[in-house]
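> Following this line is target-v1.cif, made up of mmCIF, C-alpha atoms and all ligand atoms:
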```cif
data_start
loop_
_atom_site.label_atom_id
_atom_site.label_comp_id
_atom_site.auth_asym_id
_atom_site.auth_seq_id
_atom_site.Cartn_x
_atom_site.Cartn_y
_atom_site.Cartn_z
CA MET C 256 11.07 9.84 3.57
CA ASP C 257 14.53 11.11 2.68
CA LYS C 258 14.35 13.26 -0.48
CA ASN C 259 16.99 11.21 -2.31
CA ALA C 260 16.42 7.72 -0.93
CA PHE C 261 14.07 5.11 -2.31
CA SER C 262 11.44 3.67 -0.01
CA LEU C 263 12.57 0.66 2.01
CA THR C 264 8.99 0.03 3.09
CA ALA C 265 8.13 -0.50 -0.58
CA LEU C 266 10.61 -3.39 -0.61
CA GLY C 267 9.14 -4.63 2.66
CA THR C 268 5.58 -4.74 1.34
CA ALA C 269 6.74 -6.52 -1.83
CA PHE C 270 8.43 -9.10 0.40
CA MET C 271 5.17 -9.58 2.33
CA ARG C 272 3.11 -10.12 -0.84
CA GLY C 273 5.78 -12.34 -2.35
CA TYR C 274 6.24 -14.48 0.75
CA HIS C 275 2.48 -14.88 1.10
CA ALA C 276 2.03 -15.96 -2.53
CA ARG C 277 4.80 -18.53 -2.18
CA PHE C 278 4.34 -19.98 1.27
CA ASP C 279 0.89 -19.27 2.75
CA HIS C 280 -2.36 -21.06 2.25
CA PRO C 281 -5.12 -20.14 1.65
CA LEU C 282 -4.21 -16.93 -0.15
CA ILE C 283 -5.68 -13.58 0.85
CA PHE C 284 -4.12 -11.91 -2.19
CA ASN C 285 -2.12 -13.52 -4.96
CA ASP C 286 0.90 -11.60 -6.20
CA PRO C 287 3.10 -14.25 -7.84
CA LEU C 288 5.50 -11.63 -9.23
CA ALA C 289 6.39 -9.69 -6.09
CA TYR C 290 9.10 -12.06 -4.86
CA GLY C 291 10.87 -11.86 -8.21
CA LEU C 292 11.16 -8.07 -7.93
CA LEU C 293 13.52 -8.54 -4.99
CA THR C 294 17.00 -9.97 -5.21
CA GLU C 295 17.88 -13.04 -3.18
CA LYS C 296 20.09 -10.84 -0.99
CA GLU C 297 17.25 -8.39 -0.34
CA ARG C 298 14.91 -11.24 0.59
CA PHE C 299 17.52 -12.65 2.95
CA LEU C 300 18.19 -9.28 4.61
CA ILE C 301 14.48 -8.48 5.02
CA GLY C 302 13.90 -11.95 6.47
CA GLN C 303 16.75 -11.54 8.96
CA HIS C 304 15.52 -8.08 9.95
CA LEU C 305 12.06 -9.48 10.67
CA ILE C 306 13.39 -12.42 12.68
CA GLU C 307 15.49 -10.02 14.77
CA ARG C 308 12.42 -7.86 15.29
CA LEU C 309 10.48 -10.87 16.59
CA LYS C 310 13.28 -11.92 18.92
CA SER C 311 13.62 -8.42 20.32
CA VAL C 312 9.98 -8.43 21.48
CA ASP C 313 9.38 -12.09 22.21
CA ALA C 314 12.06 -13.82 24.25
CA SER C 315 9.89 -16.86 24.96
CA GLU C 316 11.31 -20.36 24.73
CA GLU C 317 8.67 -21.23 22.17
CA THR C 318 9.91 -18.48 19.83
CA ALA C 319 13.55 -19.35 20.46
CA CYS C 320 12.81 -22.91 19.31
CA LEU C 321 10.98 -21.94 16.13
CA GLY C 322 13.85 -22.11 13.65
CA GLU C 323 14.37 -19.55 10.88
CA GLU C 324 11.31 -20.41 8.78
CA GLY C 325 8.91 -20.55 11.71
CA ALA C 326 10.31 -17.36 13.21
CA LEU C 327 9.98 -15.50 9.92
CA ARG C 328 6.39 -16.67 9.51
CA ARG C 329 5.51 -15.60 13.05
CA ALA C 330 7.28 -12.24 12.65
CA LEU C 331 5.42 -11.53 9.41
CA GLN C 332 2.06 -12.48 10.80
CA LEU C 333 2.38 -10.73 14.16
CA TYR C 334 4.95 -7.95 13.96
CA THR C 335 4.54 -6.42 10.52
CA GLY C 336 1.69 -4.86 8.59
CA ALA C 337 1.57 -7.90 6.26
CA ALA C 338 -2.09 -8.63 6.98
CA THR C 339 -2.96 -5.04 6.11
CA VAL C 340 -0.78 -5.10 2.98
CA LEU C 341 -2.53 -8.23 1.69
CA SER C 342 -6.10 -7.28 2.57
CA ARG C 343 -5.89 -3.71 1.26
CA ALA C 344 -4.49 -5.05 -2.03
CA LYS C 345 -7.40 -7.50 -2.27
CA TYR C 346 -9.93 -4.79 -1.37
CA THR C 347 -8.46 -2.57 -4.10
CA ASP C 348 -8.42 -5.29 -6.76
CA GLN C 349 -12.07 -6.06 -6.01
CA ALA C 350 -13.12 -2.39 -6.19
CA LEU C 351 -11.07 -1.89 -9.34
CA GLU C 352 -12.68 -4.86 -11.05
CA VAL C 353 -16.13 -3.44 -10.37
CA ALA C 354 -15.00 0.00 -11.58
CA ILE C 355 -13.54 -1.42 -14.80
CA GLY C 356 -16.87 -3.19 -15.38
CA ARG C 357 -18.53 0.22 -15.06
CA GLY C 358 -16.29 1.84 -17.63
CA ILE C 359 -13.33 3.34 -15.75
CA LYS C 360 -10.64 4.16 -18.32
CA GLN C 361 -7.56 4.91 -16.24
CA TYR C 362 -5.96 3.34 -13.17
CA VAL C 363 -3.54 5.57 -11.24
CA ILE C 364 -1.43 3.80 -8.61
CA LEU C 365 -0.23 6.50 -6.22
CA GLY C 366 2.86 5.60 -4.22
CA ALA C 367 3.06 2.43 -6.31
CA GLY C 368 6.25 1.04 -4.81
CA MET C 369 6.83 -2.48 -6.15
CA ASP C 370 3.20 -2.90 -7.23
CA THR C 371 2.96 -5.52 -9.99
CA PHE C 372 -0.60 -4.91 -11.26
CA ALA C 373 0.47 -3.92 -14.77
CA PHE C 374 2.53 -7.09 -15.13
CA ARG C 375 0.18 -9.54 -13.44
CA CYS C 376 -3.04 -8.37 -15.11
CA PRO C 377 -2.24 -7.90 -18.81
CA ARG C 378 -5.91 -8.33 -19.78
CA ALA C 379 -6.90 -5.32 -17.65
CA LEU C 380 -4.42 -3.18 -19.59
CA LYS C 381 -6.54 -3.69 -22.68
CA LYS C 382 -9.29 -1.75 -20.89
CA VAL C 383 -7.42 0.81 -18.78
CA GLU C 384 -4.30 2.93 -19.10
CA VAL C 385 -2.19 2.46 -15.97
CA PHE C 386 -0.14 5.24 -14.37
CA GLU C 387 2.34 4.53 -11.61
CA VAL C 388 2.95 7.72 -9.64
CA ASP C 389 5.68 7.49 -7.03
CA HIS C 390 8.47 9.31 -5.30
CA PRO C 391 11.18 9.87 -7.94
CA ALA C 392 13.81 7.85 -6.02
CA THR C 393 11.53 4.83 -5.50
CA GLN C 394 10.32 4.93 -9.07
CA ALA C 395 13.86 5.13 -10.45
CA PHE C 396 14.83 2.14 -8.27
CA LYS C 397 11.88 0.13 -9.55
CA ARG C 398 12.44 1.01 -13.20
CA ASN C 399 16.05 0.03 -12.88
CA ARG C 400 15.06 -3.29 -11.29
CA ILE C 401 12.54 -3.99 -14.06
CA ALA C 402 15.27 -3.32 -16.64
CA GLU C 403 17.72 -5.60 -14.79
CA LEU C 404 15.13 -8.37 -14.76
CA GLY C 405 14.46 -7.90 -18.46
CA TRP C 406 10.72 -7.42 -17.90
CA THR C 407 8.92 -5.73 -20.80
CA ILE C 408 7.03 -2.61 -19.87
CA PRO C 409 3.56 -2.97 -21.40
CA PRO C 410 2.55 -0.11 -23.72
CA GLY C 411 -0.39 0.80 -21.43
CA LEU C 412 1.84 1.41 -18.39
CA HIS C 413 3.17 4.92 -17.76
CA PHE C 414 5.52 6.14 -15.04
CA VAL C 415 5.10 9.61 -13.51
CA PRO C 416 7.52 10.66 -10.76
CA VAL C 417 5.97 12.94 -8.12
CA ASP C 418 7.08 13.77 -4.59
CA PHE C 419 3.79 14.56 -2.83
CA THR C 420 5.61 16.86 -0.42
CA GLN C 421 7.20 18.95 -3.19
CA LYS C 422 4.91 18.94 -6.17
CA SER C 423 1.17 18.80 -6.61
CA LEU C 424 -0.46 15.81 -8.22
CA ASP C 425 -2.08 18.43 -10.51
CA MET C 426 0.91 17.94 -12.81
CA LEU C 427 -0.37 14.45 -13.70
CA GLY C 428 -3.36 16.18 -15.29
CA THR C 429 -1.03 17.91 -17.76
CA ARG C 430 0.87 14.74 -18.73
CA PRO C 431 -0.62 12.92 -21.75
CA PRO C 432 -1.62 10.20 -22.24
CA TYR C 433 -3.29 10.87 -18.86
CA ASP C 434 -6.73 12.26 -19.75
CA PRO C 435 -8.32 14.52 -17.11
CA ALA C 436 -11.72 13.96 -18.73
CA ALA C 437 -11.61 10.16 -18.40
CA LEU C 438 -13.16 8.30 -15.48
CA THR C 439 -10.26 7.26 -13.30
CA PHE C 440 -9.62 4.89 -10.40
CA PHE C 441 -6.87 5.90 -7.98
CA SER C 442 -5.33 3.65 -5.36
CA TRP C 443 -3.17 5.03 -2.60
CA LEU C 444 -2.03 2.11 -0.49
CA GLY C 445 0.34 2.34 2.42
CA VAL C 446 1.17 6.00 1.85
CA THR C 447 -1.05 8.29 3.95
CA TYR C 448 0.75 7.09 7.09
CA TYR C 449 4.00 8.73 6.00
CA LEU C 450 2.73 12.14 4.86
CA SER C 451 1.54 15.20 6.75
CA ARG C 452 -2.18 15.86 6.95
CA VAL C 453 -1.74 18.88 4.66
CA ASN C 454 0.10 16.83 2.02
CA ILE C 455 -2.57 14.12 2.15
CA LEU C 456 -5.49 16.51 1.77
CA ASP C 457 -3.69 18.51 -0.96
CA THR C 458 -3.08 15.33 -2.93
CA LEU C 459 -6.70 14.21 -2.55
CA ALA C 460 -7.89 17.68 -3.63
CA ALA C 461 -5.61 17.51 -6.67
CA LEU C 462 -6.90 14.12 -7.75
CA ALA C 463 -10.44 15.47 -7.49
CA ARG C 464 -9.39 18.38 -9.76
CA ILE C 465 -7.78 16.20 -12.42
CA SER C 466 -10.54 13.63 -12.80
CA PRO C 467 -14.25 13.86 -13.58
CA PRO C 468 -17.08 13.24 -11.07
CA GLY C 469 -17.58 9.54 -10.41
CA SER C 470 -13.85 8.81 -10.44
CA LEU C 471 -12.81 6.75 -7.41
CA VAL C 472 -10.04 6.58 -4.87
CA VAL C 473 -9.14 3.81 -2.44
CA PHE C 474 -6.71 4.46 0.41
CA ASP C 475 -5.87 3.06 3.82
CA TYR C 476 -5.35 5.11 6.94
CA LEU C 477 -4.49 4.88 10.61
CA GLN C 478 -7.08 5.81 13.20
CA PRO C 479 -6.19 7.43 16.55
CA ASN C 480 -6.62 5.91 20.05
CA ARG C 481 -4.13 3.18 19.51
CA ALA C 482 -3.70 2.58 23.24
CA ALA C 483 -7.20 1.13 23.66
CA ASN C 484 -5.98 -2.48 23.52
CA PRO C 485 -2.58 -2.72 25.30
CA LYS C 486 -1.46 -5.82 23.35
CA GLU C 487 -2.28 -4.21 20.00
CA ALA C 488 -0.73 -0.92 21.14
CA ALA C 489 2.50 -2.76 22.00
CA ARG C 490 2.46 -4.51 18.62
CA LEU C 491 1.97 -1.21 16.81
CA LYS C 492 4.77 0.37 18.81
CA VAL C 493 7.17 -2.31 17.57
CA ILE C 494 6.08 -1.66 13.99
CA GLY C 495 6.17 2.13 14.47
CA ASP C 496 9.69 2.05 15.97
CA SER C 497 10.93 -0.09 13.14
CA LEU C 498 9.44 2.26 10.50
CA LYS C 499 11.12 5.18 12.23
CA ALA C 500 14.45 3.34 12.11
CA LEU C 501 13.93 2.80 8.37
CA GLY C 502 13.51 6.57 7.91
CA GLU C 503 9.75 6.36 7.21
CA PRO C 504 8.07 7.30 10.50
CA LEU C 505 4.29 7.19 10.94
CA LYS C 506 3.01 10.76 10.77
CA THR C 507 -0.72 11.09 10.31
CA GLU C 508 -3.95 9.52 11.42
CA PHE C 509 -7.56 10.36 10.64
CA ALA C 510 -10.54 10.18 12.96
CA PRO C 511 -13.14 7.93 11.30
CA ALA C 512 -15.94 10.15 12.68
CA SER C 513 -14.74 13.19 10.72
CA LEU C 514 -13.32 11.46 7.62
CA SER C 515 -16.45 12.12 5.61
CA SER C 516 -16.31 15.89 6.25
CA ASP C 517 -12.52 15.95 5.69
CA LEU C 518 -13.06 14.39 2.27
CA ASP C 519 -16.06 16.57 1.52
CA ARG C 520 -13.84 19.66 1.84
CA VAL C 521 -11.46 18.37 -0.85
CA GLY C 522 -14.14 17.46 -3.38
CA LEU C 523 -14.69 13.81 -2.47
CA ARG C 524 -17.68 11.85 -1.20
CA LEU C 525 -16.93 8.98 1.17
CA LEU C 526 -18.61 5.84 -0.16
CA GLU C 527 -17.22 3.29 2.28
CA ASP C 528 -15.07 3.33 5.38
CA LEU C 529 -14.17 -0.27 6.08
CA ALA C 530 -13.43 -0.64 9.78
CA PRO C 531 -11.25 -3.38 11.33
CA PRO C 532 -14.11 -5.77 12.32
CA GLU C 533 -15.42 -5.76 8.75
CA ILE C 534 -11.89 -6.19 7.35
CA GLN C 535 -11.47 -9.13 9.71
CA LYS C 536 -14.76 -10.66 8.56
CA ARG C 537 -14.10 -10.21 4.85
CA TYR C 538 -10.47 -11.23 4.59
CA PHE C 539 -9.44 -13.25 7.64
CA HIS C 540 -12.52 -15.17 8.71
CA GLY C 541 -11.71 -18.78 9.55
CA ARG C 542 -7.93 -18.42 9.21
CA THR C 543 -5.94 -20.51 11.61
CA ASP C 544 -2.61 -18.74 11.11
CA GLY C 545 -1.64 -15.43 12.71
CA TYR C 546 -2.92 -13.05 10.00
CA HIS C 547 -5.65 -10.78 11.31
CA ALA C 548 -6.97 -7.28 10.64
CA SER C 549 -5.04 -4.51 12.35
CA GLU C 550 -7.28 -2.96 14.99
CA HIS C 551 -6.37 0.57 13.91
CA ILE C 552 -6.35 0.57 10.14
CA HIS C 553 -9.28 1.41 7.89
CA PHE C 554 -9.80 1.13 4.13
CA ALA C 555 -11.66 4.04 2.52
CA LEU C 556 -13.39 4.28 -0.85
CA ALA C 557 -14.42 7.74 -2.05
CA ALA C 558 -15.78 9.26 -5.23
CA VAL C 559 -15.01 12.57 -6.91
CA LYS C 560 -18.05 14.86 -6.51
C1 LIG P 1 4.85 1.32 2.17
S1 LIG P 1 5.25 1.75 0.53
C2 LIG P 1 3.73 1.25 -0.25
C3 LIG P 1 3.96 0.82 -1.65
C4 LIG P 1 2.76 0.17 -2.32
N1 LIG P 1 1.67 1.09 -2.49
C5 LIG P 1 2.32 -1.05 -1.54
O1 LIG P 1 1.19 -1.09 -1.03
O2 LIG P 1 3.12 -1.98 -1.46
C6 LIG P 1 5.12 3.51 0.57
C7 LIG P 1 5.17 4.15 -0.81
O3 LIG P 1 4.89 5.55 -0.64
C8 LIG P 1 5.78 6.28 -1.43
N2 LIG P 1 5.95 7.61 -0.85
C9 LIG P 1 6.27 7.92 0.42
N3 LIG P 1 6.43 9.26 0.56
C10 LIG P 1 6.18 9.79 -0.67
C11 LIG P 1 6.20 11.10 -1.20
N4 LIG P 1 6.50 12.15 -0.44
N5 LIG P 1 5.91 11.29 -2.50
C12 LIG P 1 5.61 10.22 -3.30
N6 LIG P 1 5.58 8.95 -2.85
C13 LIG P 1 5.88 8.73 -1.56
C14 LIG P 1 7.06 5.49 -1.41
O4 LIG P 1 7.92 5.83 -2.48
C15 LIG P 1 6.53 4.06 -1.49
O5 LIG P 1 6.39 3.64 -2.81
#
```
With the file now loaded, output its structure as C-alpha cells.

Amino acid sequence: MDKNAFSLTALGTAFMRGYHARFDHPLIFNDPLAYGLLTEKERFLIGQHLIERLKSVDASEETACLGEEGALRRALQLYTGAATVLSRAKYTDQALEVAIGRGIKQYVILGAGMDTFAFRCPRALKKVEVFEVDHPATQAFKRNRIAELGWTIPPGLHFVPVDFTQKSLDMLGTRPPYDPAALTFFSWLGVTYYLSRVNILDTLAALARISPPGSLVVFDYLQPNRAANPKEAARLKVIGDSLKALGEPLKTEFAPASLSSDLDRVGLRLLEDLAPPEIQKRYFHGRTDGYHASEHIHFALAAVK
C-alpha cells in the first residue's frame, strides 16, 4: 500500500458487505451500515469497475445479455473476494460473541477499513472497549467520512493509527485506555495478504506481548498451491491482477501445515484453522447463488500463550 494513500480495497470490501445486506438473500453476514459509508459516486464507480472486470474475463453471450444489475451480481459472486469478506466477518462475529460471553474486555480491529462493528453493535460496546487500528491514511479517510455523515462516535470506540510496516503494534500497549492487562480479542481481516511475512509475524508477536494469555486473534490468510484447480487459479489471477492495479498486490501466503509452528514462535497457540471445505459447509451450504468459499483462503483462530 502506498504510504500516503488510503486503502481502496477497504472501500471495495465495504461495498461487498453493503451490497450483500441490501440485495442478497439469505444473508451470510448482515452489515446494514456499510453501504451508507460509501458515497453514491463511489458505489457507482466500484460497480462499473466490477462489471468491466467480469466482461474482461467472460465474453460469453450469456454475460453480455445480463444487464447492469445481473452483471454486477455475477461479478461480485465470481470475480471478487466477496464470499470471503462475508464469511470471515461472520466467523469473527461468532467467535467474538463467544469471547465476550467469556469475559473479554477489549476488541481490537486491526486493519479496520470501513468496519462498522462499533456502530452496528452498540450493546456490545457496553461490555468491551473497541479499538480500530489502521493505516493512518485509511483511518483519516474513514474518520472524515464519519464526520461528513454526522455519525456519532460512541464513547467506547477509539482510533489508533498504525502502519504495520513502519511502527510496531507495541505502541497500542502504551495508549490508554487500551489496557495491556485486559483480556483482548483481535481481528485482522483481509490484511495479511498485503503485508510481508516479517511484518505479519512481527505484528502477531506484538499483539501477544501487549495482551495477557488467553487473549484471542482471528485472521484470514492465503495458502500456497493456487494452481491446483485451473478454474480457481484463473479466478484468483483475475482478482490478484486487479488488486495489483489498485496498488495493493497480494504478497504473502502461509502453508497450513506449518502455521501452528509459525504462530508458536510468536507466542500464539493455534486453536482452529478453518479450511475451505469447512468454510463452504458452515457458510455457503445450500446456497443457489454464486457465493462459495475460496479454495485457497483459511480462517485462523489463535490464543496468546
Ligand atoms: C482489504 S482492506 C480490509 C478492511 C477490513 N478489515 C475488511 O475486512 O473489510 C485492507 C485493510 O488493511 C489495511 N492495511 C493495509 N496495509 C496496512 C499497513 N501497512 N498498516 C496498517 N494497515 C494496513 C488497510 O488500510 C485496509 O484497512
> So that all listed atoms of range 376-380 of chain C fit with 3 Å spare on each side, what axis-aligned box centre and edge lengths in Å, to one decimal, would you give as lines of an AutoDock Vina configuration file?

```
center_x = -4.6
center_y = -5.8
center_z = -17.4
size_x = 10.7
size_y = 11.2
size_z = 10.7
```
> By how many Å are CA of Gly522 in chain C and CA of Ala557 in chain C apart?
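CA of Ala557 in chain C lies at a distance of 9.8 Å from CA of Gly522 in chain C.
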> Can you tell me, as a short mmCIF file (atom, residue, chain, number, x, y, z; two decimals) with C-alpha atoms, keeping the file's coordinate frame, which residues sit within 10 Å of (-1.1, -6.3, 6.7) in the file's frame, using only C-alpha atoms?

```cif
data_model
loop_
_atom_site.label_atom_id
_atom_site.label_comp_id
_atom_site.auth_asym_id
_atom_site.auth_seq_id
_atom_site.Cartn_x
_atom_site.Cartn_y
_atom_site.Cartn_z
CA THR C 268 5.58 -4.74 1.34
CA MET C 271 5.17 -9.58 2.33
CA ARG C 272 3.11 -10.12 -0.84
CA LEU C 331 5.42 -11.53 9.41
CA GLN C 332 2.06 -12.48 10.80
CA LEU C 333 2.38 -10.73 14.16
CA TYR C 334 4.95 -7.95 13.96
CA THR C 335 4.54 -6.42 10.52
CA GLY C 336 1.69 -4.86 8.59
CA ALA C 337 1.57 -7.90 6.26
CA ALA C 338 -2.09 -8.63 6.98
CA THR C 339 -2.96 -5.04 6.11
CA VAL C 340 -0.78 -5.10 2.98
CA LEU C 341 -2.53 -8.23 1.69
CA SER C 342 -6.10 -7.28 2.57
CA ARG C 343 -5.89 -3.71 1.26
CA ALA C 344 -4.49 -5.05 -2.03
CA GLY C 445 0.34 2.34 2.42
CA TYR C 546 -2.92 -13.05 10.00
CA HIS C 547 -5.65 -10.78 11.31
CA ALA C 548 -6.97 -7.28 10.64
CA SER C 549 -5.04 -4.51 12.35
CA ILE C 552 -6.35 0.57 10.14
#
```
> Set the cut-off to 9 Å, count all atoms listed in the file, and list whatever residues fall near ligand LIG 1 (chain P) as a ChimeraX atom specification.
/C:256-258,260-269,271-272,340-341,343-344,364-370,388-394,416-422,442-450,454,503
> Between C:Phe386, C:Val453, C:Lys345, C:Lys296, which has the minimum distance to Leu282 in chain C (counting only C-alpha atoms)?
C:Lys345
> Would you mind completing range 348-359 of chain C to N, CA and C atoms and writing the output as a short mmCIF file (atom, residue, chain, number, x, y, z; two decimals), in the frame of the given file?

```
data_model
loop_
_atom_site.label_atom_id
_atom_site.label_comp_id
_atom_site.auth_asym_id
_atom_site.auth_seq_id
_atom_site.Cartn_x
_atom_site.Cartn_y
_atom_site.Cartn_z
N ASP C 348 -8.19 -4.52 -5.53
CA ASP C 348 -8.42 -5.29 -6.76
C ASP C 348 -9.91 -5.52 -6.98
N GLN C 349 -10.62 -5.80 -5.88
CA GLN C 349 -12.07 -6.06 -6.01
C GLN C 349 -12.80 -4.79 -6.45
N ALA C 350 -12.46 -3.65 -5.83
CA ALA C 350 -13.12 -2.39 -6.19
C ALA C 350 -12.76 -1.99 -7.62
N LEU C 351 -11.52 -2.24 -7.98
CA LEU C 351 -11.07 -1.89 -9.34
C LEU C 351 -11.81 -2.71 -10.39
N GLU C 352 -11.99 -3.99 -10.09
CA GLU C 352 -12.68 -4.86 -11.05
C GLU C 352 -14.10 -4.35 -11.31
N VAL C 353 -14.77 -3.98 -10.22
CA VAL C 353 -16.13 -3.44 -10.37
C VAL C 353 -16.08 -2.15 -11.20
N ALA C 354 -15.10 -1.30 -10.89
CA ALA C 354 -15.00 0.00 -11.58
C ALA C 354 -14.70 -0.20 -13.06
N ILE C 355 -13.85 -1.17 -13.38
CA ILE C 355 -13.54 -1.42 -14.80
C ILE C 355 -14.81 -1.89 -15.51
N GLY C 356 -15.59 -2.73 -14.81
CA GLY C 356 -16.87 -3.19 -15.38
C GLY C 356 -17.82 -2.03 -15.64
N ARG C 357 -17.64 -0.95 -14.88
CA ARG C 357 -18.53 0.22 -15.06
C ARG C 357 -17.92 1.27 -15.97
N GLY C 358 -16.80 0.95 -16.59
CA GLY C 358 -16.29 1.84 -17.63
C GLY C 358 -15.16 2.77 -17.24
N ILE C 359 -14.50 2.52 -16.10
CA ILE C 359 -13.33 3.34 -15.75
C ILE C 359 -12.26 3.16 -16.84
#
```
